[in-house]
Amino acid sequence: MEQIPISYMRKKIFFCLSLCFLVLLLHPMDALANHSVPLDFEKALNESRAGNFKEALGYWDNVIDLYPTNGVALSNRGNVRLALGDFDGAIVDQDRAIEMLPDEIDPHLNRGIAEEALKRWNEAIEDYEWVLTRDPDNASALYNLGNVKVSQGDWLQSKLLFNKATLVNPDFAIALSSKALANYQLNELDAAEEQLRALIKTYPMFADGRAALSALLWHKGVLGEAQSHWAAAFGLDNRYTEEDWLLNIRRWPPEPTKDLMEFLDKKSV
């Protein structure tokens with residue numbers, strides 16, 4: 001069966017999933033004006049980019065029915081399955097994509113994200129390290145590997161990885177916040193506060209930084225300013241009231257999480 005051409009320009013689109021703050025690298029292809037590319041392929045790309053994942057899945061299914069060995073379509077369908085919470089299905093698609101495109105980085109990165117969602121830490125580490133041996137400056141792999149290290153309680157290594165991610169991409173806000181949180185966990189409170197204040201100055205509407213600073217200021221006994229930052233954080237994203245979400249989805253370290261929960265216990269949200 002005829003293959004869909006894959007000699008297109010690639011454009012990286014990052015989605016921050018509502019289910020978790022992991023960085024999902026959706027890697028659709030920008031199709032050239034080539035009549036052999038089916039219309040469903042373009043529709044699948046557009047729906048994926050728009051975040052209409054249920055609609056996108058149907059179009060990707062149609063494309064893969066026609067072109068079952070196209071690694072590009074398989075990897076993108078795997079991303080959509082991940083966004084819909086079908087982590088095992090996402091891994092199956094990325095496994096097949098890797099068979100078709102053994103030298104491509106993105107299927108490994110995307111499979112690692114799905115493995116993380118299933119807490120298959122060692123497999124995720126293997127995929128991220130595979131990416132980093134080929135692309136040492138891959139900010140997504142550095143950040144996601146840092147998140148795995150958080151889940152394993154390796155705070156120092158997580159901080160080093162988050163720092164590398166921010167050096168590669170200084171505008172990587174969630175990595176900047178995660179680096180500050182790692183410092184917080186390591187009791188490097190002055191460094192964490194300085195980093196969080198700089199983050200909030202640059203990204204005043206970023207809830208993660210404000211929630212983290214609220215916890216840190218409460219820890220330091222600066223209650224009034226903590227309340228001010230919390231009011232902004234809660235208005236932006238009320239999930240920060242949920243301890244389980246913080247620890248297991250966003251994956252804050254335990255010390256800032258404990259401080260934020262104690263701060264919230266002392267006041268009405």
# chains A, B, ... in the order shown; residues from 1 in each chain; ligands from 1

$ residues_around --residues "Gly85 (chain A)" --least-positions-apart "2" --cutoff "12 Å" --atoms "only C-alpha atoms" --output "VMD selection string"
chain A and resid 17 to 20 53 to 54 78 to 83 87 to 91 113 to 115 117 to 118

$ residues_around --residues "region 96-107 of chain A" --least-positions-apart "4" --cutoff "7 Å" --atoms "only C-alpha atoms" --output "NGL selection string"
:A and (69-72 or 74-75 or 92 or 111 or 131)

$ residues_around --residues "Thr257 (chain A)" --least-positions-apart "4" --cutoff "10 Å" --atoms "only C-alpha atoms" --output "PyMOL selection string"
chain A and resi 181+185+211-212+215-216+240-244+246-247+251-253+261-263

$ residues_around --residues "Asp190 (chain A)" --least-positions-apart "3" --cutoff "12 Å" --atoms "only C-alpha atoms" --output "list of chain:residue names"
A:Ala180, A:Leu181, A:Asn183, A:Tyr184, A:Gln185, A:Leu186, A:Asn187, A:Glu193, A:Glu194, A:Gln195, A:Leu196, A:Arg197, A:Leu213, A:Leu216, A:Leu217, A:His219, A:Lys220

$ atom_distance --atom1 "CA of Gly146 (chain A)" --atom2 "CA of Lys159 (chain A)"
7.1 Å

$ atom_distance --atom1 "CA of Arg77 (chain A)" --atom2 "CA of Trp245 (chain A)"
26.4 Å

$ closest_residue --among "A:Leu223, A:Asp40, A:Asn46, A:Leu84" --to "Asn62 (chain A)" --atoms "only C-alpha atoms"
A:Asp40
